[in-house]
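Printed here is upload-v2.cif (mmCIF, C-alpha atoms):
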```
data_structure
#
loop_
_atom_site.group_PDB
_atom_site.id
_atom_site.type_symbol
_atom_site.label_atom_id
_atom_site.label_comp_id
_atom_site.auth_asym_id
_atom_site.auth_seq_id
_atom_site.Cartn_x
_atom_site.Cartn_y
_atom_site.Cartn_z
ATOM 1 C CA MET A 80 -2.239 16.194 -69.262
ATOM 2 C CA LEU A 81 -2.341 18.459 -66.219
ATOM 3 C CA ARG A 82 -4.227 15.725 -64.294
ATOM 4 C CA TRP A 83 -1.496 13.157 -65.070
ATOM 5 C CA ILE A 84 1.239 15.558 -63.942
ATOM 6 C CA THR A 85 -0.663 16.217 -60.673
ATOM 7 C CA ARG A 86 -1.006 12.461 -60.036
ATOM 8 C CA LEU A 87 2.712 11.911 -60.639
ATOM 9 C CA VAL A 88 3.603 14.709 -58.180
ATOM 10 C CA LEU A 89 1.277 13.219 -55.535
ATOM 11 C CA LEU A 90 2.737 9.737 -55.945
ATOM 12 C CA PHE A 91 6.257 11.162 -55.624
ATOM 13 C CA ALA A 92 5.293 13.017 -52.447
ATOM 14 C CA LEU A 93 3.762 9.903 -50.857
ATOM 15 C CA GLY A 94 6.867 7.937 -51.735
ATOM 16 C CA LEU A 95 9.014 10.439 -49.853
ATOM 17 C CA PHE A 96 6.945 10.929 -46.713
ATOM 18 C CA ALA A 97 4.518 8.133 -46.149
ATOM 19 C CA PRO A 98 6.632 5.113 -45.239
ATOM 20 C CA GLY A 99 7.705 4.268 -41.788
ATOM 21 C CA GLU A 100 8.841 6.426 -38.961
ATOM 22 C CA ALA A 101 9.131 9.729 -40.848
ATOM 23 C CA ALA A 102 5.386 10.011 -41.236
ATOM 24 C CA ALA A 103 4.790 8.892 -37.701
ATOM 25 C CA ARG A 104 7.343 11.381 -36.335
ATOM 26 C CA VAL A 105 5.613 14.248 -38.166
ATOM 27 C CA ALA A 106 2.314 13.162 -36.664
ATOM 28 C CA MET A 107 3.864 13.053 -33.189
ATOM 29 C CA HIS A 108 5.421 16.496 -33.346
ATOM 30 C CA VAL A 109 2.431 18.282 -34.804
ATOM 31 C CA GLY A 110 -0.029 16.608 -32.460
ATOM 32 C CA PRO A 111 -1.255 18.452 -29.378
ATOM 33 C CA PRO A 112 0.818 17.908 -26.225
ATOM 34 C CA ASP A 113 -0.959 15.787 -23.633
ATOM 35 C CA VAL A 114 0.727 16.056 -20.274
ATOM 36 C CA ALA A 115 -2.026 14.703 -18.083
ATOM 37 C CA ALA A 116 -2.737 11.502 -19.904
ATOM 38 C CA GLN A 117 -0.414 8.537 -19.735
ATOM 39 C CA LYS A 118 0.455 7.243 -23.170
ATOM 40 C CA LEU A 119 1.841 4.003 -24.388
ATOM 41 C CA VAL A 120 3.718 4.690 -27.602
ATOM 42 C CA SER A 121 5.029 1.801 -29.650
ATOM 43 C CA TRP A 122 6.879 2.792 -32.768
ATOM 44 C CA GLY A 123 10.334 3.394 -34.233
ATOM 45 C CA SER A 124 13.660 2.094 -33.013
ATOM 46 C CA ASP A 125 15.952 5.083 -32.454
ATOM 47 C CA PRO A 126 17.182 5.892 -28.932
ATOM 48 C CA GLU A 127 14.849 8.851 -28.443
ATOM 49 C CA THR A 128 11.712 6.878 -29.110
ATOM 50 C CA ALA A 129 13.074 3.897 -27.201
ATOM 51 C CA VAL A 130 13.418 6.033 -24.066
ATOM 52 C CA LEU A 131 9.943 7.415 -24.595
ATOM 53 C CA ARG A 132 8.571 3.948 -25.094
ATOM 54 C CA GLN A 133 10.256 2.646 -21.948
ATOM 55 C CA ALA A 134 8.897 5.517 -19.846
ATOM 56 C CA ALA A 135 5.416 5.118 -21.242
ATOM 57 C CA THR A 136 5.494 1.373 -20.732
ATOM 58 C CA ARG A 137 6.609 1.834 -17.133
ATOM 59 C CA GLN A 138 3.789 4.297 -16.515
ATOM 60 C CA ALA A 139 1.261 2.037 -18.119
ATOM 61 C CA ALA A 140 2.429 -0.918 -16.035
ATOM 62 C CA GLU A 141 1.847 1.084 -12.880
ATOM 63 C CA THR A 142 -1.640 1.979 -13.941
ATOM 64 C CA GLN A 143 -4.479 -0.144 -12.644
ATOM 65 C CA GLN A 144 -7.377 1.953 -13.826
ATOM 66 C CA ALA A 145 -7.299 2.341 -17.588
ATOM 67 C CA ALA A 146 -10.017 4.756 -18.601
ATOM 68 C CA SER A 147 -9.832 4.437 -22.395
ATOM 69 C CA SER A 148 -7.509 3.514 -25.208
ATOM 70 C CA ILE A 149 -6.965 4.671 -28.743
ATOM 71 C CA SER A 150 -4.853 3.040 -31.419
ATOM 72 C CA TYR A 151 -3.695 4.304 -34.758
ATOM 73 C CA ASP A 152 -2.133 2.574 -37.734
ATOM 74 C CA PHE A 153 -0.128 5.103 -39.698
ATOM 75 C CA ALA A 154 1.585 3.989 -42.898
ATOM 76 C CA SER A 155 4.056 1.210 -41.979
ATOM 77 C CA GLY A 156 4.619 2.653 -38.496
ATOM 78 C CA CYS A 157 2.421 1.890 -35.538
ATOM 79 C CA LEU A 158 1.228 4.274 -32.877
ATOM 80 C CA LEU A 159 -0.677 2.998 -29.901
ATOM 81 C CA ALA A 160 -1.942 5.393 -27.280
ATOM 82 C CA ALA A 161 -3.433 4.260 -24.009
ATOM 83 C CA GLU A 162 -4.867 7.021 -21.928
ATOM 84 C CA SER A 163 -5.701 6.414 -18.330
ATOM 85 C CA ALA A 164 -6.623 8.135 -15.149
ATOM 86 C CA ALA A 165 -3.970 8.359 -12.429
ATOM 87 C CA ALA A 166 -3.489 4.988 -10.725
ATOM 88 C CA ARG A 167 -4.887 4.981 -7.230
ATOM 89 C CA THR A 168 -5.393 2.341 -4.576
ATOM 90 C CA THR A 169 -7.982 2.725 -1.819
ATOM 91 C CA LEU A 170 -7.357 1.139 1.571
ATOM 92 C CA TYR A 171 -9.455 1.210 4.736
ATOM 93 C CA ARG A 172 -8.891 1.726 8.449
ATOM 94 C CA ALA A 173 -11.068 1.378 11.512
ATOM 95 C CA VAL A 174 -10.115 4.288 13.738
ATOM 96 C CA SER A 175 -10.981 5.835 17.063
ATOM 97 C CA PRO A 176 -13.072 9.023 17.117
ATOM 98 C CA GLY A 177 -9.913 11.027 17.800
ATOM 99 C CA GLU A 178 -8.012 9.655 14.835
ATOM 100 C CA PHE A 179 -11.111 10.013 12.667
ATOM 101 C CA ALA A 180 -11.368 13.732 13.390
ATOM 102 C CA ASP A 181 -7.657 14.325 12.836
ATOM 103 C CA ALA A 182 -7.389 12.217 9.674
ATOM 104 C CA VAL A 183 -10.497 13.518 7.914
ATOM 105 C CA GLY A 184 -10.198 17.085 9.167
ATOM 106 C CA ASN A 185 -6.499 17.552 8.492
ATOM 107 C CA GLN A 186 -6.058 14.994 5.677
ATOM 108 C CA VAL A 187 -3.098 13.444 7.433
ATOM 109 C CA LEU A 188 -2.152 10.141 9.060
ATOM 110 C CA ARG A 189 0.217 10.473 11.987
ATOM 111 C CA PRO A 190 1.114 8.693 15.205
ATOM 112 C CA GLY A 191 -1.368 9.142 18.019
ATOM 113 C CA PRO A 192 -1.020 8.493 21.718
ATOM 114 C CA ASN A 193 -0.439 4.827 22.485
ATOM 115 C CA SER A 194 -0.393 3.921 18.797
ATOM 116 C CA TYR A 195 2.198 2.655 16.338
ATOM 117 C CA ALA A 196 5.224 4.863 16.149
ATOM 118 C CA THR A 197 6.261 4.052 12.614
ATOM 119 C CA GLY A 198 3.149 3.634 10.470
ATOM 120 C CA LYS A 199 -0.425 2.419 10.104
ATOM 121 C CA PHE A 200 -2.206 -0.837 9.348
ATOM 122 C CA PHE A 201 -4.804 -0.935 6.583
ATOM 123 C CA ALA A 202 -7.462 -3.370 5.410
ATOM 124 C CA GLU A 203 -8.117 -3.901 1.738
ATOM 125 C CA THR A 204 -11.901 -3.876 2.167
ATOM 126 C CA ALA A 205 -14.246 -1.873 4.366
ATOM 127 C CA GLU A 206 -15.807 -5.079 5.680
ATOM 128 C CA HIS A 207 -12.465 -6.322 6.955
ATOM 129 C CA ALA A 208 -11.712 -2.946 8.495
ATOM 130 C CA ALA A 209 -14.998 -3.185 10.397
ATOM 131 C CA GLN A 210 -14.036 -6.613 11.726
ATOM 132 C CA TRP A 211 -10.730 -5.255 13.018
ATOM 133 C CA GLY A 212 -12.546 -2.270 14.474
ATOM 134 C CA LYS A 213 -14.880 -4.515 16.459
ATOM 135 C CA ALA A 214 -11.972 -6.592 17.752
ATOM 136 C CA LEU A 215 -9.757 -3.641 18.671
ATOM 137 C CA GLU A 216 -12.178 -0.932 19.797
ATOM 138 C CA GLY A 217 -15.424 -2.771 20.423
ATOM 139 C CA PRO A 218 -18.736 -2.633 18.537
ATOM 140 C CA GLY A 219 -19.898 0.902 17.886
ATOM 141 C CA LYS A 220 -16.695 2.504 19.153
ATOM 142 C CA PHE A 221 -14.912 3.090 15.856
ATOM 143 C CA ARG A 222 -15.295 4.797 12.496
ATOM 144 C CA ILE A 223 -13.989 3.672 9.126
ATOM 145 C CA ILE A 224 -11.987 5.877 6.823
ATOM 146 C CA GLN A 225 -11.023 5.190 3.249
ATOM 147 C CA VAL A 226 -7.624 6.406 2.183
ATOM 148 C CA GLU A 227 -6.497 6.843 -1.405
ATOM 149 C CA PHE A 228 -2.829 6.364 -2.262
ATOM 150 C CA GLU A 229 -0.889 6.352 -5.460
ATOM 151 C CA SER A 230 -0.821 2.696 -6.405
ATOM 152 C CA GLY A 231 2.946 2.735 -6.661
ATOM 153 C CA ALA A 232 3.199 3.797 -3.026
ATOM 154 C CA ALA A 233 0.540 1.387 -1.748
ATOM 155 C CA SER A 234 2.283 -1.514 -3.463
ATOM 156 C CA GLN A 235 5.361 -0.810 -1.349
ATOM 157 C CA PHE A 236 3.470 -1.341 1.918
ATOM 158 C CA MET A 237 4.230 -4.548 3.774
ATOM 159 C CA ARG A 238 1.406 -7.001 3.101
ATOM 160 C CA TRP A 239 0.067 -10.096 4.808
ATOM 161 C CA GLN A 240 -2.111 -12.429 2.804
ATOM 162 C CA ARG A 241 -4.228 -13.024 5.875
ATOM 163 C CA LEU A 242 -4.119 -11.413 9.288
ATOM 164 C CA ASP A 243 -6.149 -12.571 12.281
ATOM 165 C CA GLY A 244 -8.106 -14.934 10.075
ATOM 166 C CA ILE A 245 -9.919 -11.860 8.676
ATOM 167 C CA GLY A 246 -8.229 -11.027 5.401
ATOM 168 C CA PRO A 247 -5.303 -9.269 3.726
ATOM 169 C CA ALA A 248 -3.655 -6.406 5.582
ATOM 170 C CA ARG A 249 -0.975 -3.864 4.798
ATOM 171 C CA PHE A 250 1.334 -1.750 6.921
ATOM 172 C CA GLY A 251 2.589 1.527 5.510
ATOM 173 C CA THR A 252 5.309 3.484 7.226
ATOM 174 C CA PHE A 253 4.900 7.220 7.572
ATOM 175 C CA GLU A 254 7.790 7.657 5.148
ATOM 176 C CA GLN A 255 5.929 5.592 2.540
ATOM 177 C CA MET A 256 2.584 7.273 3.079
ATOM 178 C CA ALA A 257 1.399 10.344 1.209
ATOM 179 C CA PRO A 258 -2.383 10.036 1.208
ATOM 180 C CA LEU A 259 -4.089 11.661 -1.735
ATOM 181 C CA LYS A 260 -7.472 11.765 -0.053
ATOM 182 C CA ILE A 261 -8.893 10.637 3.288
ATOM 183 C CA SER A 262 -12.654 10.414 3.570
ATOM 184 C CA PRO A 263 -15.250 8.876 5.837
ATOM 185 C CA LEU A 264 -16.600 5.674 4.402
ATOM 186 C CA GLY A 265 -19.483 6.219 2.077
ATOM 187 C CA THR A 266 -18.689 9.775 1.030
ATOM 188 C CA PRO A 267 -17.522 10.601 -2.509
ATOM 189 C CA MET B 275 -10.174 -16.434 25.329
ATOM 190 C CA LYS B 276 -6.916 -17.873 26.632
ATOM 191 C CA THR B 277 -4.751 -15.346 28.478
ATOM 192 C CA VAL B 278 -1.246 -16.110 29.740
ATOM 193 C CA SER B 279 1.554 -14.278 31.511
ATOM 194 C CA ALA B 280 4.698 -13.314 29.614
ATOM 195 C CA LYS B 281 7.936 -11.413 30.025
ATOM 196 C CA LEU B 282 8.286 -8.634 27.474
ATOM 197 C CA GLN B 283 11.435 -6.785 26.430
ATOM 198 C CA TRP B 284 11.037 -3.626 24.374
ATOM 199 C CA VAL B 285 13.703 -3.008 21.738
ATOM 200 C CA ARG B 286 15.599 0.206 22.313
ATOM 201 C CA SER B 287 15.305 2.872 19.647
ATOM 202 C CA GLU B 288 19.022 2.774 18.845
ATOM 203 C CA LYS B 289 18.521 -0.884 17.941
ATOM 204 C CA GLY B 290 15.534 -0.187 15.717
ATOM 205 C CA GLY B 291 12.760 -0.153 18.281
ATOM 206 C CA ARG B 292 10.290 2.524 19.278
ATOM 207 C CA GLN B 293 11.391 5.770 20.865
ATOM 208 C CA ALA B 294 9.577 4.578 23.997
ATOM 209 C CA PRO B 295 7.128 1.818 24.938
ATOM 210 C CA PRO B 296 3.472 2.721 24.351
ATOM 211 C CA SER B 297 2.222 5.115 26.992
ATOM 212 C CA GLY B 298 -0.949 3.247 27.877
ATOM 213 C CA SER B 299 -1.507 -0.003 29.713
ATOM 214 C CA HIS B 300 -2.304 -2.116 26.686
ATOM 215 C CA TYR B 301 -1.140 -2.534 23.127
ATOM 216 C CA SER B 302 -1.972 -4.737 20.158
ATOM 217 C CA THR B 303 0.032 -5.563 17.078
ATOM 218 C CA VAL B 304 1.115 -8.411 14.850
ATOM 219 C CA ALA B 305 3.079 -11.149 16.597
ATOM 220 C CA ARG B 306 5.494 -13.666 15.162
ATOM 221 C CA PHE B 307 6.147 -16.851 17.089
ATOM 222 C CA GLU B 308 9.199 -18.918 16.321
ATOM 223 C CA GLN B 309 6.932 -21.696 15.064
ATOM 224 C CA GLN B 310 5.341 -19.347 12.497
ATOM 225 C CA ARG B 311 8.396 -18.104 10.675
ATOM 226 C CA ASP B 312 7.755 -20.031 7.467
ATOM 227 C CA THR B 313 4.090 -19.084 7.131
ATOM 228 C CA TRP B 314 3.978 -15.737 8.850
ATOM 229 C CA ARG B 315 3.342 -13.582 5.762
ATOM 230 C CA GLU B 316 0.518 -15.873 4.699
ATOM 231 C CA ASP B 317 -1.227 -16.336 8.030
ATOM 232 C CA ALA B 318 -0.339 -13.955 10.868
ATOM 233 C CA TRP B 319 -2.100 -13.194 14.139
ATOM 234 C CA SER B 320 -2.205 -10.185 16.439
ATOM 235 C CA LEU B 321 -1.596 -10.270 20.167
ATOM 236 C CA VAL B 322 -3.124 -8.004 22.798
ATOM 237 C CA ILE B 323 -0.679 -7.069 25.520
ATOM 238 C CA GLU B 324 -1.934 -5.891 28.929
ATOM 239 C CA TRP B 325 0.585 -4.393 31.323
ATOM 240 C CA THR B 326 0.704 -6.073 34.750
ATOM 241 C CA GLU B 327 3.642 -3.906 35.710
ATOM 242 C CA SER B 328 5.385 -0.921 34.151
ATOM 243 C CA PRO B 329 8.563 -1.325 32.097
ATOM 244 C CA ASP B 330 11.736 -1.124 34.183
ATOM 245 C CA ALA B 331 14.904 0.758 33.314
ATOM 246 C CA SER B 332 15.900 -1.956 30.852
ATOM 247 C CA LEU B 333 12.438 -1.679 29.214
ATOM 248 C CA ALA B 334 11.432 -5.138 30.421
ATOM 249 C CA HIS B 335 8.222 -5.981 32.272
ATOM 250 C CA ARG B 336 5.601 -8.630 32.936
ATOM 251 C CA VAL B 337 2.441 -8.564 30.860
ATOM 252 C CA ASP B 338 -0.659 -10.586 30.137
ATOM 253 C CA VAL B 339 -0.971 -11.828 26.584
ATOM 254 C CA ARG B 340 -3.906 -13.047 24.485
ATOM 255 C CA PHE B 341 -4.737 -13.189 20.813
ATOM 256 C CA LEU B 342 -6.909 -10.410 19.383
ATOM 257 C CA VAL B 343 -9.570 -12.685 17.892
ATOM 258 C CA GLU B 344 -11.193 -16.047 18.450
ATOM 259 C CA GLY B 345 -9.900 -18.920 16.362
ATOM 260 C CA ALA B 346 -6.243 -17.969 16.716
ATOM 261 C CA PRO B 347 -3.588 -20.648 17.302
ATOM 262 C CA GLU B 348 -3.824 -20.593 21.093
ATOM 263 C CA HIS B 349 -1.668 -23.710 21.319
ATOM 264 C CA LEU B 350 1.238 -21.295 20.848
ATOM 265 C CA LEU B 351 0.516 -19.666 24.220
ATOM 266 C CA VAL B 352 2.507 -22.205 26.252
ATOM 267 C CA THR B 353 5.396 -21.720 28.643
ATOM 268 C CA GLY B 354 8.725 -21.122 26.983
ATOM 269 C CA ASN B 355 7.412 -20.123 23.568
ATOM 270 C CA ARG B 356 9.108 -17.028 22.210
ATOM 271 C CA PHE B 357 7.563 -14.341 20.070
ATOM 272 C CA GLU B 358 8.258 -10.963 18.529
ATOM 273 C CA LEU B 359 5.954 -7.962 18.269
ATOM 274 C CA LEU B 360 6.216 -6.059 15.001
ATOM 275 C CA GLU B 361 5.152 -2.760 13.527
ATOM 276 C CA GLY B 362 5.420 -3.632 9.871
ATOM 277 C CA GLU B 363 8.838 -5.153 9.381
ATOM 278 C CA ARG B 364 10.218 -3.562 12.494
ATOM 279 C CA VAL B 365 10.558 -5.709 15.624
ATOM 280 C CA VAL B 366 9.583 -3.480 18.539
ATOM 281 C CA ALA B 367 9.569 -6.076 21.346
ATOM 282 C CA THR B 368 10.430 -9.671 22.086
ATOM 283 C CA GLY B 369 8.697 -11.881 24.588
ATOM 284 C CA VAL B 370 8.593 -15.291 26.175
ATOM 285 C CA ILE B 371 5.510 -16.971 27.602
ATOM 286 C CA ALA B 372 6.039 -17.443 31.366
#
```

Please express what this file holds, its structure, as structure tokens.
Amino acid sequence: MLRWITRLVLLFALGLFAPGEAAARVAMHVGPPDVAAQKLVSWGSDPETAVLRQAATRQAAETQQAASSISYDFASGCLLAAESAAARTTLYRAVSPGEFADAVGNQVLRPGPNSYATGKFFAETAEHAAQWGKALEGPGKFRIIQVEFESGAASQFMRWQRLDGIGPARFGTFEQMAPLKISPLGTP
Amino acid sequence: MKTVSAKLQWVRSEKGGRQAPPSGSHYSTVARFEQQRDTWREDAWSLVIEWTESPDASLAHRVDVRFLVEGAPEHLLVTGNRFELLEGERVVATGVIA
């Protein structure tokens, strides 16, 4: 008799809490906060979750390097979580020894003497950067740096599909540029 | 590589140009000829500018002009053809082949 009463109580409890968004909301609020990871959350229809979903979707769309993804099916609700590393784009420049020392040593890109006043050109591959280096500075007279940007910023740079018959090129203005890391080619 | 003479006019800073022309005697950047306007973002070419005289008070001067690389559309380097020099989207100088 006691077993039947226990079963009835359990069924009643599941009927109250399991369906739909209520169960999912409980799971969301008791789960550990994850600030660093970007999450794509798809569930519910109220304004709060809609805003969250829009923000997460926007973040996910900006992400080019998805590291892993996890999905959950919880009662009739649906929770999808996509975790990813920060989106970064690496571009390349052939530079003079002076710019090389300044850029790598000070982690900054800035106008030099007799150079562009408003920004910098970049190649999308190291090989193309080397070709521009040979044409502009001469063989053996340049170094190549690789510059990491947030992908959202790099996508705002002006882009040519092909420049000088070599390949794609971008021009970022100093206002657009906030390099995350500048390193000599070949170093981690 | 084909080199021709041209008259170059730097755009003043108050009109969107550089604060001053480059300090050296040569300069290279992306050029846009009138004939390239429709295809410029797909297939652009850089010019190398060599000073043959210093800019005057109006920021105009004579220069020698050639493309940066072999295989460029050198047929554009003919008398009367007009071009712009750009840093990104910003026109910093205009020129005409002499």

Next on the checklist: So the first atom is atom CA of A:Arg222 and the second is atom CA of A:Phe236; what is the distance between them in Å, to one decimal place?
Outcome noted: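 Atom-to-atom, atom CA of A:Arg222 and atom CA of A:Phe236 are spaced 22.4 Å apart.
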
Tell me as an mmCIF file with C-alpha atoms, keeping the file's coordinate frame which residues belonging to chain B come within 6 Å of chain A, counting only C-alpha atoms.
```
data_model
loop_
_atom_site.group_PDB
_atom_site.id
_atom_site.type_symbol
_atom_site.label_atom_id
_atom_site.label_comp_id
_atom_site.auth_asym_id
_atom_site.auth_seq_id
_atom_site.Cartn_x
_atom_site.Cartn_y
_atom_site.Cartn_z
ATOM 1 C CA PRO B 296 3.472 2.721 24.351
ATOM 2 C CA SER B 297 2.222 5.115 26.992
ATOM 3 C CA GLY B 298 -0.949 3.247 27.877
ATOM 4 C CA ARG B 315 3.342 -13.582 5.762
ATOM 5 C CA GLU B 316 0.518 -15.873 4.699
ATOM 6 C CA ASP B 317 -1.227 -16.336 8.030
ATOM 7 C CA ALA B 318 -0.339 -13.955 10.868
ATOM 8 C CA TRP B 319 -2.100 -13.194 14.139
ATOM 9 C CA GLY B 362 5.420 -3.632 9.871
#
```

Next on the checklist: Just the number, please: distance in Å from atom CA of B:Gln309 to atom CA of B:Arg336, one decimal.
Outcome noted: 22.2 Å

Item to check | Selection dump of the PyMOL selection byres ((chain B and resi 281-285) around 10), as an NGL selection string | outcome: :B and (279-280 or 286-296 or 323 or 325 or 329-330 or 332-339 or 356-359 or 364-372)

Item to check | the PyMOL selection byres ((chain A and resi 231) around 9) resolved against shown file, as a ChimeraX atom specification | outcome: /A:141-142,166-168,228-230,232-235

Next on the checklist: Quick check, in Å to one decimal: how far apart do atom CA of A:Ile223 and atom CA of A:Ala208 lie?
Outcome noted: 7.0 Å

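Considering all atoms listed in the file, the residue among A:Arg172, A:His207, A:Lys220, A:Arg189 positioned nearest to A:Phe253 is A:Arg189.
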
Item to check | Within 6 Å of file point (-10.3, -1.4, 4.4), counting all atoms listed in the file, expressed as a ChimeraX atom specification | outcome: /A:170-172,201-205,207-208

Edge lengths and centre in Å to one decimal, as JSON, is what I'm after for the box along x, y and z that holds all listed atoms of stretch 241-258 of chain A once 8 Å is added on each side.
```
{"center_x": -1.1, "center_y": -2.3, "center_z": 6.7, "size_x": 33.7, "size_y": 41.3, "size_z": 27.1}
```

Next on the checklist: Please return as a PyMOL selection string every residue within 12 Å of (-2.5, 17.0, 7.6), taking into account all atoms listed in the file and the file's own coordinates.
Outcome noted: chain A and resi 178+180-190+256-261

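Here the question is which of B:Leu321, B:Arg311, B:Glu363, B:Tyr301 gets nearest to B:Glu348 using only C-alpha atoms, and that residue is B:Leu321.
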
Checklist entry - Can you list what the PyMOL selection byres ((chain A and resi 221) around 7) grabs from this structure, as number ranges by chain? => result A: 173-176, 212, 216, 219-220, 222-223

Item to check | Near-B:Val322 list (8 Å; all atoms listed in the file; drop same-chain fewer than 2 positions) as number ranges by chain | outcome: B: 300-303, 320, 324, 339-342

For the residues in that selection, give me C-alpha atoms as an mmCIF file, keeping the file's coordinate frame.
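Result saved to again_1.cif:
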```cif
data_model
loop_
_atom_site.group_PDB
_atom_site.id
_atom_site.type_symbol
_atom_site.label_atom_id
_atom_site.label_comp_id
_atom_site.auth_asym_id
_atom_site.auth_seq_id
_atom_site.Cartn_x
_atom_site.Cartn_y
_atom_site.Cartn_z
ATOM 1 C CA HIS B 300 -2.304 -2.116 26.686
ATOM 2 C CA TYR B 301 -1.140 -2.534 23.127
ATOM 3 C CA SER B 302 -1.972 -4.737 20.158
ATOM 4 C CA THR B 303 0.032 -5.563 17.078
ATOM 5 C CA SER B 320 -2.205 -10.185 16.439
ATOM 6 C CA GLU B 324 -1.934 -5.891 28.929
ATOM 7 C CA VAL B 339 -0.971 -11.828 26.584
ATOM 8 C CA ARG B 340 -3.906 -13.047 24.485
ATOM 9 C CA PHE B 341 -4.737 -13.189 20.813
ATOM 10 C CA LEU B 342 -6.909 -10.410 19.383
#
```

Can stretch 186-198 of chain A be brought up to N, CA and C atoms and written out as a PDB file, keeping the file's coordinate frame?
```pdb
ATOM      1  N   GLN A 186      -6.553  15.768   6.835  1.00  0.00           N
ATOM      2  CA  GLN A 186      -6.058  14.994   5.677  1.00  0.00           C
ATOM      3  C   GLN A 186      -4.628  14.508   5.916  1.00  0.00           C
ATOM      4  N   VAL A 187      -4.430  13.927   7.090  1.00  0.00           N
ATOM      5  CA  VAL A 187      -3.098  13.444   7.433  1.00  0.00           C
ATOM      6  C   VAL A 187      -3.223  12.190   8.302  1.00  0.00           C
ATOM      7  N   LEU A 188      -2.255  11.304   8.180  1.00  0.00           N
ATOM      8  CA  LEU A 188      -2.152  10.141   9.060  1.00  0.00           C
ATOM      9  C   LEU A 188      -0.862  10.288   9.847  1.00  0.00           C
ATOM     10  N   ARG A 189      -0.977  10.282  11.162  1.00  0.00           N
ATOM     11  CA  ARG A 189       0.217  10.473  11.987  1.00  0.00           C
ATOM     12  C   ARG A 189       0.076   9.690  13.281  1.00  0.00           C
ATOM     13  N   PRO A 190       1.185   9.485  13.982  1.00  0.00           N
ATOM     14  CA  PRO A 190       1.114   8.693  15.205  1.00  0.00           C
ATOM     15  C   PRO A 190       0.243   9.386  16.253  1.00  0.00           C
ATOM     16  N   GLY A 191      -0.566   8.611  16.924  1.00  0.00           N
ATOM     17  CA  GLY A 191      -1.368   9.142  18.019  1.00  0.00           C
ATOM     18  C   GLY A 191      -0.854   8.583  19.331  1.00  0.00           C
ATOM     19  N   PRO A 192      -1.445   9.013  20.425  1.00  0.00           N
ATOM     20  CA  PRO A 192      -1.020   8.493  21.718  1.00  0.00           C
ATOM     21  C   PRO A 192      -1.283   6.989  21.800  1.00  0.00           C
ATOM     22  N   ASN A 193      -0.314   6.274  22.290  1.00  0.00           N
ATOM     23  CA  ASN A 193      -0.439   4.827  22.485  1.00  0.00           C
ATOM     24  C   ASN A 193      -0.657   4.058  21.183  1.00  0.00           C
ATOM     25  N   SER A 194      -0.210   4.621  20.073  1.00  0.00           N
ATOM     26  CA  SER A 194      -0.393   3.921  18.797  1.00  0.00           C
ATOM     27  C   SER A 194       0.968   3.572  18.196  1.00  0.00           C
ATOM     28  N   TYR A 195       0.948   3.047  16.985  1.00  0.00           N
ATOM     29  CA  TYR A 195       2.198   2.655  16.338  1.00  0.00           C
ATOM     30  C   TYR A 195       3.048   3.874  16.044  1.00  0.00           C
ATOM     31  N   ALA A 196       4.324   3.726  16.306  1.00  0.00           N
ATOM     32  CA  ALA A 196       5.224   4.863  16.149  1.00  0.00           C
ATOM     33  C   ALA A 196       5.676   5.052  14.713  1.00  0.00           C
ATOM     34  N   THR A 197       5.602   3.993  13.918  1.00  0.00           N
ATOM     35  CA  THR A 197       6.261   4.052  12.614  1.00  0.00           C
ATOM     36  C   THR A 197       5.321   4.042  11.421  1.00  0.00           C
ATOM     37  N   GLY A 198       4.038   3.706  11.622  1.00  0.00           N
ATOM     38  CA  GLY A 198       3.149   3.634  10.470  1.00  0.00           C
ATOM     39  C   GLY A 198       1.749   3.235  10.866  1.00  0.00           C
TER      40      GLY A 198
END
```
